[in-house]
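Colleague: What follows is a structure written as structure tokens; I'll ask about it next.
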Amino acid sequence: MHGVGKTYPGDVVAVRDVDLELRAGEIVAICGENGAGKTTLATMAARILTPTTGTIEGTTRVGFVHQHFELIDRMRVWENVALGNEPRRGLRLDRAAARERVRALGNANGMDVDPDAVVETLPVGIAQRVEILRELAREPEVLLLDEPTAVLAPSEIDALFATLRALAARGIAIAIVTHKLQEVIAHAHRAVVMRAGAIVAHFDDVATTSAQEIARAMVGGEIPALAAHAPTALVPRLIVRDLCAGDDASGLRSATFAVRAGEIVGFAGVEGNGQTALADALGGVIPHRGTIELDGAELGGGPRARIAAGVRTIAQDRRREALVLPWSIVDNAVLGDERGPVFARSARRARAKEIVERFDVRTKSLDTAVDALSGGNQQKVVVGRTLANDPKVVIAYQPTRGIDVGAAALVASRLIEARNGGVAVLLVSFELDELFALSDRILVLFRGEIVGEFARDAFDRARIGALMAGAA
Amino acid sequence: MSDVENFVVLTLVKSAPLIFAALAGVICERAGILNIALEGALAAAAFGAVAATYATGSPLLGIVAGMLCGALVCGALGVAATRFGVDQIVAGTGLNVVAVAAAAFGVAVVWGAAGVSPEVPSLGNVGQTVLIVVALALALGVHLVLERTPFGLRLRACGENPRAVRSAGIDPRRMRVIATLIAGAIAGLGGVYLSLAELSLYSDGMTAGRGFIALAAVIFGRWTPLGACAAAIAFGALSALQFSLQRAGVPSELMQALPYLAALLALAGIAGRARAPAADGVPF
Amino acid sequence: MKGAAIAFAALVAIAAGAMALAGANPIDGFAALFRGGFGEPHVPYDDHRIAETLVQTTALLFPALAVAFAFRAGLFNIGAEGQLIVGGLAAGIVGARLAAPGFVIILATLAVGALGGGAWAAIAGVLRARFGGNEVIATLMLNIIAGLLANYLIVGPLHSPGVEGAETAVLPADAWLPTLLPGTRLTIALPIALALAVAMRWFFARSVLGYELRAAGDAPEAARRAGIDLGRVALVAMTVSGAIAGIGGATIVDGVLHRFNVALSPGYGFIAIAVALVGRLDPLRIVVAAFVFGILQSGSLTMEAAANVPKDVVTLVEGLAILALAAQQYVARRGAAAA
């Protein structure tokens with residue numbers, strides 16, 4: 001790729017002037033913080049997105065494995081793998097050959113999957129294999145993977161990289177987009193670091209590089225410090241007993257735990273192990289069995305009742321679950337509280353103003369549509385709204401997902417300040433670093449159950465990682 | 001012929017246009033396009049078939065013209081929805097209005113304002129029988145193509161998850177347009193049947209809501225070609241029963257309303273909760 | 001704006017082409033259209049023609065507001081035609097049989113019009129709210145069922161003795177909607193519709209329920225998690241939408257035809273979708289759009305009589321307008337997202 005850039009309408013520059021070479025037999029890591037342009041660059045390399053400037057030369061046999069898989073949930077594995085590349089017998093689809101291909105590829109690459117399984121019944125880690133197999137079936141010369149390890153347990157990550165190394169040894173050029181430095185150090189030959197759309201550093205021999213060097217290149221300066229954890233009087237606030245919710249493989253089996261006022265309880269686990277069911281059950285979004293007690297009173301009802309009781313959620317998908325994108329900051333500021341006194345025009349504006357100031361939301365005016373804000377600023381609006389009502393319990397689901405470092409630090413600090421002020425915070429995150437920085441206690445979720453509990457002074461990365469993967 | 005034989009024949013006669021329209025509906029919805037313009041496609045095809053036959057004297061050319069008109073209307077829906085980002089329902093509504101008005105306009109311009117065309121050479125009883133057989137064969141054919149061919153797999157995938165289709169290297173928009181064109185041609189056969197086989201002329205409003213009954217048949221048939229065909233035959237049977245039941249005192253409006261009432265019940269899940277294709281009606 | 005201008009020019013060109021195809025001179029065709037809409041140019045204030053245009057405007061305005069109301073809440077009400085028929089049917093039956101002073105009958109017809117249309121739409125609302133049934137299909141089916149039901153009732157069980165054909169008896173004269181301009185069919189239905197438009201604007205801009213409906217339409221998942229009951233929203237939105245269309249049907253029965261006739265609507269419910277789109281779902285813009293379409297509707301009859309152009313040309317252009325506007329709005333949205 002020479003001088004490749006991508007500019008979106010409205011002069012939003014996602015990628016600027018990138019020169020990058022992917023060579024056979026290498027694993028290249030494309031690193032950067034959220035919003036740096038890594039995914040955009042990778043989709044251009046895969047010829048899925050067309051660049052607005054620059055040229056791409058070389059093979060067109062490029063495979064791409066998406067971060068959020070693009071599979072047909074209701075179809076079977078063999079159908080997904082065959083799509084676009086179907087084995088034929090005359091005019092007909094050769095089903096037997098398609099099934100055999102899944103088995104053969106799976107065997108050859110250490111990724112066994114049942115060809116007849118319906119994709120939506122598969123656990124997330126296995127579903128990823130289906131997408132990889134689909135790409136491998138097309139015999140690519142280049143394979144790009146976008147944040148492939150986000151949904152994998154540590155042991156599965158090792159298996160994936162073993163597969164990738166084997167593929168590289170066979171001559172395929174591999175590139176992974178990632179922000180997980182341990183993986184880069186452990187597995188990549190080369191690394192490039194992106195920041196604000198441009199490549200700011202090349203590390204041609206990762207073996208001789210340290211994680212700190214790469215981190216510094218990614219952030220481009222000092223990471224802002226977080227607010228300090230103040231001592232709090234730990235009064236039990238939220239008591240959950242035998243909570244069961246969601247009835248598929250990623251549901252919550254049975255959870256019993258307590259969260260005290262003035263503490264942050266972090267939930268560690270690989271994505272798909274019950275976190276969403278837990279958050280949705282507490283928020284009243286899905287039905288559940290078991291009891292939830294808030295300050296001694298049983299909590300029931302739908303989202304409105306929970307909000308009224310003081311339980312607020314920072315949703316995991318801000319664009320779909322938290323914000324009304326075409327609306328202004330002012331109108332978004334009262335979503336959930338529109339039946340209360342804050343709905344009146346002047347009160348609403350005052351609330352919006354307070355959020356914008358306290359959370360440093362960069363915007364020209366309160367009436368700007370939130371769709372026009374950057375991801376970081378959107379998230380600040382969401383978190384600001386959540387904390388604006390003096391909630392008793394806050395469920396923070398990936399509160400710093402996909403936002404830049406500065407915004408992430410601010411959001412994290414505000415959560416800590418809320419905690420210091422007596423709020424009971426449940427933090428769901430797929431980044432152990434974040435959990436370690438913010439939590440007072442960590443509970444580990446595996447297959448919908450709590451399999452371990454760690455106090456702040458006893459955080460053990462190795463042990464937690466093992467529990468996340470299901471080790472006893 | 002005994003009463004039962006009469007009934008069966010009448011059922012098939014009444015079902016044929018519904019089968020064509022329902023198959024068209026299935027193809028579109030499995031590809032992800034909710035096609036509410038089937039009524040317009042039928043009207044346009046019926047008119048086009050008669051106009052072409054009138055002009056050339058050949059009903060066979062009329063068939064071709066009818067299929068083209070049907071493909072034009074449905075294809076326009078496909079293009080509007082994919083290339084121009086028009087919402088499928090809005091586009092379907094607009095095309096219905098346009099197609100029906102265009103047909104009425106055509107009748108007025110070509111033959112004067114009576115709303116009816118003169119008689120044209122028709123396909124006759126033989127032609128009608130052939131079309132009925134074609135309808136049934138098509139139901140099987142569409143089923144085989146959808147389930148057993150790569151094209152069918154890709155089409156079904158477009159209706160479930162167009163993003164996945166794109167990442168497999170196929171253009172879902174192109175597939176959807178192709179689907180609407182094929183569906184339109186099949187619906188066109190339905191229109192041809194109405195004006196050149198069952199009758200031998202075109203008259204304003206002769207489609208009588210069949211394009212909407214077809215939508216009901218699609219739901220009842222769980223979005224499968226064979227199921228929709230069966231549902232269409234069931235509706236045809238209702239139509240065939242109409243005369244005898246009317247003699248028994250059942251109001252004709254109730255009989256006519258049955259397919260629509262049945263569709264409402266299907267929406268309420270009476271026929272069991274089948275799921276529409278996941279991306280049915282979802283723009284891409 | 002530029003896109004709208006191009007779309008408009010294209011529509012005019014197509015209309016002209018269709019007129020030519022019909023063997024008429026497009027200039028004559030357009031002239032007849034405007035004469036029909038506005039009246040003779042050299043006759044000052046050809047009141048009756050403008051009044052007739054306003055009658056068509058009113059007939060379109062009610063269902064257009066209905067469609068827009070549902071749209072704002074994220075629902076497609078394609079059933080305005082059926083709701084208007086049911087509302088008109090109820091108004092016709094009650095109006096012809098109620099023994100009461102005139103103004104009571106007027107209020108009663110409007111009320112049952114709203115109830116009838118609202119209940120009819122609520123069927124689709126319940127199917128959507130409780131069963132997740134697609135309201136597009138439901139309202140389409142209900143349209144046809146409404147026509148069949150009306151036919152059956154009027155000719156059968158609810159037939160008024162002495163009446164020929166598929167209509168009710170004539171309403172008593174003192175129960176007719178008072179006219180705004182004597183000698184015309186323009187009644188107080190127009191100010192009622194305008195008042196509804198203003199009320200709707202206020203509702204969506206200022207009220208809590210309006211906020212929640214808009215949220216459900218613009219971001220259903222976010223609305224749900226914020227405590228808004230999407231099922232209730234669907235039911236309320238469809239019912240109110242149907243009620244508005246039903247009142248429209250009642251005003252046609254009470255004000256224009258003075259009876260219910262199964263042919264009371266030449267497709268107002270469908271053209272209203274175009275009106276709602278042209279008005280970008282904003283009540284005040286919809287009023288303007290309804291006026292424009294009203295000109296087309298009332299002009300089309302003159303155009304047919306005077307210039308020999310089939311009135312279907314107008315319907316054709318209206319249908320194309322639906323497509324053109326939706327496409328143009330798509331382009332505009334893409335441009336705005338860039339800004």
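A note on labels: chains of the structure tokens are A, B, ... as shown, every chain counts residues from 1, and ligands are counted from 1 in their shown order.
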With a distance threshold of 9 Å and counting only C-alpha atoms, extract the residues of chain B near chain C and express them as a PDB file with C-alpha atoms, in the first residue's frame.
Modeller:
ATOM      1  CA  ILE B  36     -45.710  -5.020  -1.559  1.00  0.00           C
ATOM      2  CA  ALA B  80     -35.052   1.759  -5.833  1.00  0.00           C
ATOM      3  CA  ALA B  81     -34.447  -0.118  -2.618  1.00  0.00           C
ATOM      4  CA  PHE B  84     -31.404   4.664  -4.327  1.00  0.00           C
ATOM      5  CA  GLY B  85     -31.907   3.835  -0.717  1.00  0.00           C
ATOM      6  CA  VAL B  86     -35.648   4.183  -0.914  1.00  0.00           C
ATOM      7  CA  ASP B  87     -37.400   2.395   1.900  1.00  0.00           C
ATOM      8  CA  ILE B  89     -42.362  -0.189   1.808  1.00  0.00           C
ATOM      9  CA  VAL B  90     -42.407   3.326   0.442  1.00  0.00           C
ATOM     10  CA  ALA B  91     -41.033   2.154  -2.888  1.00  0.00           C
ATOM     11  CA  GLY B  92     -43.512  -0.686  -3.019  1.00  0.00           C
ATOM     12  CA  THR B  93     -46.421   1.634  -2.287  1.00  0.00           C
ATOM     13  CA  GLY B  94     -45.248   4.100  -4.887  1.00  0.00           C
ATOM     14  CA  LEU B  95     -44.779   1.427  -7.519  1.00  0.00           C
ATOM     15  CA  ASN B  96     -48.196  -0.022  -6.834  1.00  0.00           C
ATOM     16  CA  VAL B  97     -49.762   3.367  -7.444  1.00  0.00           C
ATOM     17  CA  VAL B  98     -47.643   3.971 -10.536  1.00  0.00           C
ATOM     18  CA  ALA B  99     -48.199   0.551 -12.077  1.00  0.00           C
ATOM     19  CA  VAL B 100     -51.953   0.544 -11.569  1.00  0.00           C
ATOM     20  CA  ALA B 101     -52.245   4.117 -12.804  1.00  0.00           C
ATOM     21  CA  ALA B 102     -50.013   3.397 -15.769  1.00  0.00           C
ATOM     22  CA  ALA B 103     -52.153   0.420 -16.716  1.00  0.00           C
ATOM     23  CA  ALA B 104     -55.330   2.490 -16.405  1.00  0.00           C
ATOM     24  CA  PHE B 105     -53.691   5.240 -18.400  1.00  0.00           C
ATOM     25  CA  GLY B 106     -52.647   2.736 -21.002  1.00  0.00           C
ATOM     26  CA  ALA B 108     -57.541   4.921 -21.716  1.00  0.00           C
ATOM     27  CA  VAL B 109     -54.996   5.943 -24.290  1.00  0.00           C
ATOM     28  CA  VAL B 110     -55.005   2.819 -26.391  1.00  0.00           C
ATOM     29  CA  ALA B 113     -61.737   5.540 -21.582  1.00  0.00           C
ATOM     30  CA  GLY B 209     -56.085  -7.725  -4.559  1.00  0.00           C
ATOM     31  CA  PHE B 212     -51.898  -8.843  -1.439  1.00  0.00           C
ATOM     32  CA  ILE B 213     -53.355 -12.296  -1.004  1.00  0.00           C
ATOM     33  CA  LEU B 215     -48.298 -11.786   0.653  1.00  0.00           C
ATOM     34  CA  ALA B 216     -50.636 -13.630   2.974  1.00  0.00           C
ATOM     35  CA  PRO B 251     -72.019 -13.613   2.384  1.00  0.00           C
ATOM     36  CA  SER B 252     -69.679 -13.349  -0.584  1.00  0.00           C
ATOM     37  CA  GLU B 253     -67.716 -10.594   1.142  1.00  0.00           C
ATOM     38  CA  LEU B 254     -66.875 -12.958   3.964  1.00  0.00           C
ATOM     39  CA  GLN B 256     -63.507 -12.879  -0.226  1.00  0.00           C
ATOM     40  CA  ALA B 257     -62.198 -11.652   3.083  1.00  0.00           C
ATOM     41  CA  LEU B 258     -61.059 -15.068   4.272  1.00  0.00           C
ATOM     42  CA  PRO B 259     -57.528 -14.989   2.842  1.00  0.00           C
ATOM     43  CA  TYR B 260     -56.918 -11.604   4.411  1.00  0.00           C
ATOM     44  CA  LEU B 261     -58.341 -12.668   7.732  1.00  0.00           C
ATOM     45  CA  ALA B 263     -53.142 -13.546   7.003  1.00  0.00           C
ATOM     46  CA  LEU B 264     -53.998 -11.544  10.104  1.00  0.00           C
ATOM     47  CA  LEU B 265     -54.238 -14.744  12.096  1.00  0.00           C
ATOM     48  CA  ALA B 266     -50.886 -15.826  10.719  1.00  0.00           C
ATOM     49  CA  LEU B 267     -49.389 -12.577  11.932  1.00  0.00           C
ATOM     50  CA  ALA B 268     -50.795 -13.331  15.352  1.00  0.00           C
ATOM     51  CA  GLY B 269     -48.829 -16.536  15.322  1.00  0.00           C
TER      52      GLY B 269
END
Colleague: Segment 22-31 of chain A: which residues within 10 Å, counting only C-alpha atoms, same-chain residues fewer than 6 positions away excluded, as a ChimeraX atom specification?
Modeller: /A:1,37-39,41-42,45,58,141-147,161,164-181,183-185,187-195,199,201-204,206,214-215,217-218
Colleague: Only residues of chain B matter here; which ones have an atom within 6 Å of chain A, counting only C-alpha atoms? Give them as a PyMOL selection string.
Modeller: chain B and resi 148-150+161+164+168
Colleague: From the DSSP assignment of the backbone, select every residue of segment 77-186 of chain A that is alpha helix (DSSP H), and format the answer as a PDB file with C-alpha atoms, in the first residue's frame.
Modeller:
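Wrote it out as part.pdb, contents follow:
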ATOM      1  CA  VAL A  77     -21.399 -24.170   9.195  1.00  0.00           C
ATOM      2  CA  TRP A  78     -20.862 -25.794   5.809  1.00  0.00           C
ATOM      3  CA  GLU A  79     -23.193 -23.275   4.160  1.00  0.00           C
ATOM      4  CA  ASN A  80     -21.349 -20.347   5.668  1.00  0.00           C
ATOM      5  CA  VAL A  81     -17.973 -21.714   4.674  1.00  0.00           C
ATOM      6  CA  ALA A  82     -19.173 -22.427   1.150  1.00  0.00           C
ATOM      7  CA  ARG A  95     -23.219 -30.560  -0.214  1.00  0.00           C
ATOM      8  CA  ALA A  96     -21.032 -33.542   0.521  1.00  0.00           C
ATOM      9  CA  ALA A  97     -17.992 -31.788  -0.871  1.00  0.00           C
ATOM     10  CA  ALA A  98     -18.830 -28.669   1.122  1.00  0.00           C
ATOM     11  CA  ARG A  99     -19.044 -30.661   4.334  1.00  0.00           C
ATOM     12  CA  GLU A 100     -15.850 -32.494   3.554  1.00  0.00           C
ATOM     13  CA  ARG A 101     -14.084 -29.222   2.925  1.00  0.00           C
ATOM     14  CA  VAL A 102     -15.035 -28.008   6.395  1.00  0.00           C
ATOM     15  CA  ARG A 103     -13.658 -31.175   7.945  1.00  0.00           C
ATOM     16  CA  ALA A 104     -10.484 -31.145   5.897  1.00  0.00           C
ATOM     17  CA  LEU A 105      -9.699 -27.508   6.539  1.00  0.00           C
ATOM     18  CA  GLY A 106     -10.546 -27.889  10.179  1.00  0.00           C
ATOM     19  CA  ASN A 107      -8.198 -30.840  10.516  1.00  0.00           C
ATOM     20  CA  ALA A 108      -5.375 -29.203   8.641  1.00  0.00           C
ATOM     21  CA  ASN A 109      -5.488 -26.096  10.795  1.00  0.00           C
ATOM     22  CA  VAL A 124     -18.555 -17.415  20.203  1.00  0.00           C
ATOM     23  CA  GLY A 125     -15.038 -18.894  20.129  1.00  0.00           C
ATOM     24  CA  ILE A 126     -16.133 -21.711  17.833  1.00  0.00           C
ATOM     25  CA  ALA A 127     -18.122 -19.357  15.622  1.00  0.00           C
ATOM     26  CA  GLN A 128     -14.963 -17.421  14.972  1.00  0.00           C
ATOM     27  CA  ARG A 129     -13.397 -20.543  13.570  1.00  0.00           C
ATOM     28  CA  VAL A 130     -16.177 -20.722  11.017  1.00  0.00           C
ATOM     29  CA  GLU A 131     -15.307 -17.304   9.693  1.00  0.00           C
ATOM     30  CA  ILE A 132     -11.622 -18.153   9.582  1.00  0.00           C
ATOM     31  CA  LEU A 133     -12.361 -21.375   7.752  1.00  0.00           C
ATOM     32  CA  ARG A 134     -14.479 -19.518   5.253  1.00  0.00           C
ATOM     33  CA  GLU A 135     -11.598 -17.245   4.473  1.00  0.00           C
ATOM     34  CA  LEU A 136      -9.079 -20.087   4.363  1.00  0.00           C
ATOM     35  CA  PRO A 154      -6.247 -17.317  26.878  1.00  0.00           C
ATOM     36  CA  SER A 155      -5.852 -20.944  25.843  1.00  0.00           C
ATOM     37  CA  GLU A 156      -7.878 -20.352  22.703  1.00  0.00           C
ATOM     38  CA  ILE A 157      -5.686 -17.379  21.936  1.00  0.00           C
ATOM     39  CA  ASP A 158      -2.632 -19.616  22.051  1.00  0.00           C
ATOM     40  CA  ALA A 159      -4.302 -22.070  19.712  1.00  0.00           C
ATOM     41  CA  LEU A 160      -5.222 -19.304  17.303  1.00  0.00           C
ATOM     42  CA  PHE A 161      -1.692 -18.006  17.142  1.00  0.00           C
ATOM     43  CA  ALA A 162      -0.333 -21.494  16.660  1.00  0.00           C
ATOM     44  CA  THR A 163      -2.613 -21.734  13.655  1.00  0.00           C
ATOM     45  CA  LEU A 164      -1.524 -18.334  12.387  1.00  0.00           C
ATOM     46  CA  ARG A 165       2.141 -19.219  12.748  1.00  0.00           C
ATOM     47  CA  ALA A 166       1.556 -22.421  10.815  1.00  0.00           C
ATOM     48  CA  LEU A 167      -0.208 -20.473   8.079  1.00  0.00           C
ATOM     49  CA  ALA A 168       2.641 -17.982   7.941  1.00  0.00           C
ATOM     50  CA  ALA A 169       5.096 -20.833   7.661  1.00  0.00           C
ATOM     51  CA  LEU A 181       0.462  -5.624  23.442  1.00  0.00           C
ATOM     52  CA  GLN A 182       1.246  -8.928  25.110  1.00  0.00           C
ATOM     53  CA  GLU A 183       0.072 -10.727  22.002  1.00  0.00           C
ATOM     54  CA  VAL A 184       2.108  -8.491  19.745  1.00  0.00           C
ATOM     55  CA  ILE A 185       5.265  -9.130  21.693  1.00  0.00           C
ATOM     56  CA  ALA A 186       4.631 -12.841  21.898  1.00  0.00           C
TER      57      ALA A 186
END
Colleague: With 7 Å as the limit and counting only C-alpha atoms, what residues in chain C lie close to chain A? Please list them as an mmCIF file with N, CA and C atoms, in the first residue's frame.
Modeller:
data_model
loop_
_atom_site.group_PDB
_atom_site.id
_atom_site.type_symbol
_atom_site.label_atom_id
_atom_site.label_comp_id
_atom_site.auth_asym_id
_atom_site.auth_seq_id
_atom_site.Cartn_x
_atom_site.Cartn_y
_atom_site.Cartn_z
ATOM 1 N N VAL C 208 -44.507 14.807 26.763
ATOM 2 C CA VAL C 208 -43.730 13.651 27.190
ATOM 3 C C VAL C 208 -44.033 12.453 26.296
ATOM 4 N N ALA C 215 -38.795 8.794 20.313
ATOM 5 C CA ALA C 215 -37.649 7.966 20.684
ATOM 6 C C ALA C 215 -37.846 6.544 20.177
ATOM 7 N N ASP C 218 -37.132 6.674 16.486
ATOM 8 C CA ASP C 218 -35.781 6.997 16.046
ATOM 9 C C ASP C 218 -34.715 6.070 16.608
ATOM 10 N N ALA C 219 -34.948 5.481 17.756
ATOM 11 C CA ALA C 219 -33.940 4.604 18.356
ATOM 12 C C ALA C 219 -34.640 3.602 19.262
ATOM 13 N N GLU C 221 -34.164 0.563 20.341
ATOM 14 C CA GLU C 221 -33.470 -0.188 21.381
ATOM 15 C C GLU C 221 -33.097 0.730 22.539
ATOM 16 N N ALA C 222 -32.622 1.931 22.213
ATOM 17 C CA ALA C 222 -32.288 2.874 23.282
ATOM 18 C C ALA C 222 -33.540 3.249 24.064
ATOM 19 N N ARG C 225 -34.502 0.449 26.498
ATOM 20 C CA ARG C 225 -33.664 0.376 27.688
ATOM 21 C C ARG C 225 -33.838 1.563 28.600
ATOM 22 N N ALA C 226 -34.413 2.641 28.056
ATOM 23 C CA ALA C 226 -34.670 3.797 28.906
ATOM 24 C C ALA C 226 -36.027 3.674 29.571
ATOM 25 N N GLY C 227 -36.695 2.561 29.379
ATOM 26 C CA GLY C 227 -37.945 2.330 30.080
ATOM 27 C C GLY C 227 -39.196 2.559 29.257
ATOM 28 N N ALA C 338 -22.738 14.215 6.063
ATOM 29 C CA ALA C 338 -21.387 14.668 5.792
ATOM 30 C C ALA C 338 -21.143 16.034 6.411
ATOM 31 N N ALA C 339 -22.228 16.787 6.559
ATOM 32 C CA ALA C 339 -22.042 18.178 7.001
ATOM 33 C C ALA C 339 -21.653 18.275 8.475
#
Colleague: Please provide the set of residues having any atom within 12 Å of Gly113 of chain C, restricted to only C-alpha atoms, with same-chain residues fewer than 4 positions apart removed, written as a ChimeraX atom specification.
Modeller: /C:62,83-95,105-109,117-120,240,242-254,260
Colleague: Please produce an output containing N, CA and C atoms for each residue in the selection, written as a compact mmCIF listing (two decimals), in the first residue's frame.
Modeller:
# COMPACT_ATOMS: atom_id res chain seq x y z
N PHE C 62 -56.21 14.77 6.46
CA PHE C 62 -56.44 13.87 7.59
C PHE C 62 -55.61 12.60 7.49
N GLN C 83 -58.87 2.63 7.34
CA GLN C 83 -59.33 3.30 8.57
C GLN C 83 -60.31 4.41 8.22
N LEU C 84 -60.06 5.04 7.11
CA LEU C 84 -60.93 6.12 6.66
C LEU C 84 -62.29 5.55 6.26
N ILE C 85 -62.27 4.37 5.64
CA ILE C 85 -63.53 3.74 5.26
C ILE C 85 -64.32 3.35 6.49
N VAL C 86 -63.65 2.73 7.46
CA VAL C 86 -64.36 2.31 8.66
C VAL C 86 -64.89 3.52 9.42
N GLY C 87 -64.09 4.57 9.53
CA GLY C 87 -64.54 5.78 10.21
C GLY C 87 -65.74 6.37 9.49
N GLY C 88 -65.65 6.43 8.17
CA GLY C 88 -66.76 6.98 7.41
C GLY C 88 -68.00 6.11 7.54
N LEU C 89 -67.80 4.80 7.53
CA LEU C 89 -68.92 3.88 7.68
C LEU C 89 -69.64 4.11 9.00
N ALA C 90 -68.86 4.18 10.06
CA ALA C 90 -69.47 4.40 11.37
C ALA C 90 -70.22 5.72 11.39
N ALA C 91 -69.57 6.75 10.82
CA ALA C 91 -70.22 8.07 10.81
C ALA C 91 -71.52 8.02 10.01
N GLY C 92 -71.49 7.35 8.87
CA GLY C 92 -72.68 7.28 8.04
C GLY C 92 -73.82 6.57 8.71
N ILE C 93 -73.50 5.46 9.36
CA ILE C 93 -74.56 4.68 10.00
C ILE C 93 -75.15 5.45 11.18
N VAL C 94 -74.27 5.95 12.04
CA VAL C 94 -74.77 6.69 13.20
C VAL C 94 -75.49 7.96 12.76
N GLY C 95 -74.87 8.65 11.83
CA GLY C 95 -75.43 9.92 11.40
C GLY C 95 -76.81 9.78 10.79
N ILE C 105 -75.49 15.41 16.37
CA ILE C 105 -75.17 14.38 15.38
C ILE C 105 -73.77 14.63 14.81
N ILE C 106 -73.47 15.91 14.57
CA ILE C 106 -72.15 16.22 14.03
C ILE C 106 -71.07 15.71 14.97
N LEU C 107 -71.22 16.05 16.25
CA LEU C 107 -70.21 15.60 17.20
C LEU C 107 -70.15 14.08 17.24
N ALA C 108 -71.34 13.48 17.19
CA ALA C 108 -71.38 12.01 17.26
C ALA C 108 -70.66 11.39 16.07
N THR C 109 -70.91 11.95 14.88
CA THR C 109 -70.26 11.33 13.71
C THR C 109 -68.74 11.46 13.80
N GLY C 117 -62.08 4.39 13.14
CA GLY C 117 -60.76 4.36 12.53
C GLY C 117 -59.70 3.91 13.53
N GLY C 118 -59.85 4.42 14.76
CA GLY C 118 -58.88 4.05 15.79
C GLY C 118 -58.92 2.57 16.10
N ALA C 119 -60.14 2.04 16.23
CA ALA C 119 -60.26 0.61 16.55
C ALA C 119 -59.70 -0.23 15.41
N TRP C 120 -59.99 0.20 14.19
CA TRP C 120 -59.52 -0.57 13.03
C TRP C 120 -57.99 -0.63 13.00
N VAL C 240 -54.10 6.20 17.52
CA VAL C 240 -54.28 7.62 17.25
C VAL C 240 -54.24 7.88 15.75
N GLY C 242 -55.05 5.86 13.36
CA GLY C 242 -56.31 5.42 12.77
C GLY C 242 -57.45 6.35 13.10
N ALA C 243 -57.43 6.88 14.31
CA ALA C 243 -58.50 7.80 14.70
C ALA C 243 -58.49 9.05 13.82
N ILE C 244 -57.28 9.55 13.56
CA ILE C 244 -57.19 10.74 12.71
C ILE C 244 -57.74 10.44 11.32
N ALA C 245 -57.34 9.29 10.78
CA ALA C 245 -57.85 8.91 9.45
C ALA C 245 -59.36 8.73 9.51
N GLY C 246 -59.83 8.16 10.61
CA GLY C 246 -61.27 7.91 10.76
C GLY C 246 -62.07 9.21 10.79
N ILE C 247 -61.52 10.21 11.49
CA ILE C 247 -62.20 11.50 11.50
C ILE C 247 -62.28 12.03 10.07
N GLY C 248 -61.20 11.82 9.33
CA GLY C 248 -61.20 12.25 7.93
C GLY C 248 -62.34 11.61 7.16
N GLY C 249 -62.50 10.31 7.37
CA GLY C 249 -63.59 9.61 6.69
C GLY C 249 -64.94 10.19 7.11
N ALA C 250 -65.05 10.48 8.41
CA ALA C 250 -66.32 11.03 8.91
C ALA C 250 -66.60 12.38 8.27
N THR C 251 -65.57 13.19 8.09
CA THR C 251 -65.83 14.52 7.50
C THR C 251 -66.21 14.39 6.03
N ILE C 252 -65.69 13.38 5.35
CA ILE C 252 -66.12 13.19 3.96
C ILE C 252 -67.60 12.80 3.94
N VAL C 253 -67.97 11.93 4.85
CA VAL C 253 -69.36 11.48 4.91
C VAL C 253 -70.29 12.62 5.31
N ASP C 254 -69.87 13.35 6.35
CA ASP C 254 -70.77 14.36 6.88
C ASP C 254 -70.74 15.65 6.08
N PHE C 260 -72.71 7.80 3.61
CA PHE C 260 -71.55 6.95 3.37
C PHE C 260 -71.76 6.16 2.10
Colleague: Figure out the distance between atom CA of Thr50 of chain A and atom CA of Ile170 of chain B, please, to one decimal in Å.
Modeller: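 Separating atom CA of Ile170 of chain B from atom CA of Thr50 of chain A is a distance of 15.7 Å.
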Colleague: Report the distance between atom CA of Asn420 of chain A and atom CA of Ala455 of chain A in Å, rounded to one decimal place.
Modeller: 17.3 Å
Colleague: From the list A:Arg447, A:Ser429, A:Thr149, A:Asp360, which residue is nearest Pro123 of chain A when using only C-alpha atoms?
Modeller: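 Looking at the shortest contact to Pro123 of chain A, the residue is A:Arg447.
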Colleague: In Å, with one decimal, what is the gap from atom CA of Ile188 of chain C to atom CA of Gly255 of chain C?
Modeller: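 The value is 8.3 Å.
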Colleague: Residues at most 7 Å from Ala307 of chain C, counting only C-alpha atoms, excluding those fewer than 2 positions away in the same chain, as an MDAnalysis selection string?
Modeller: chainID C and resid 24 28:29 32 303:305 309
Colleague: Any idea what's packed within 8 Å of Ala278 of chain B, counting only C-alpha atoms, ignoring anything in its chain fewer than 6 positions away? Could you give it as a list in words?
Modeller: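 Within the cut-off, the hits are Gly32, Gly159, Glu160 and Asn161 of chain B.
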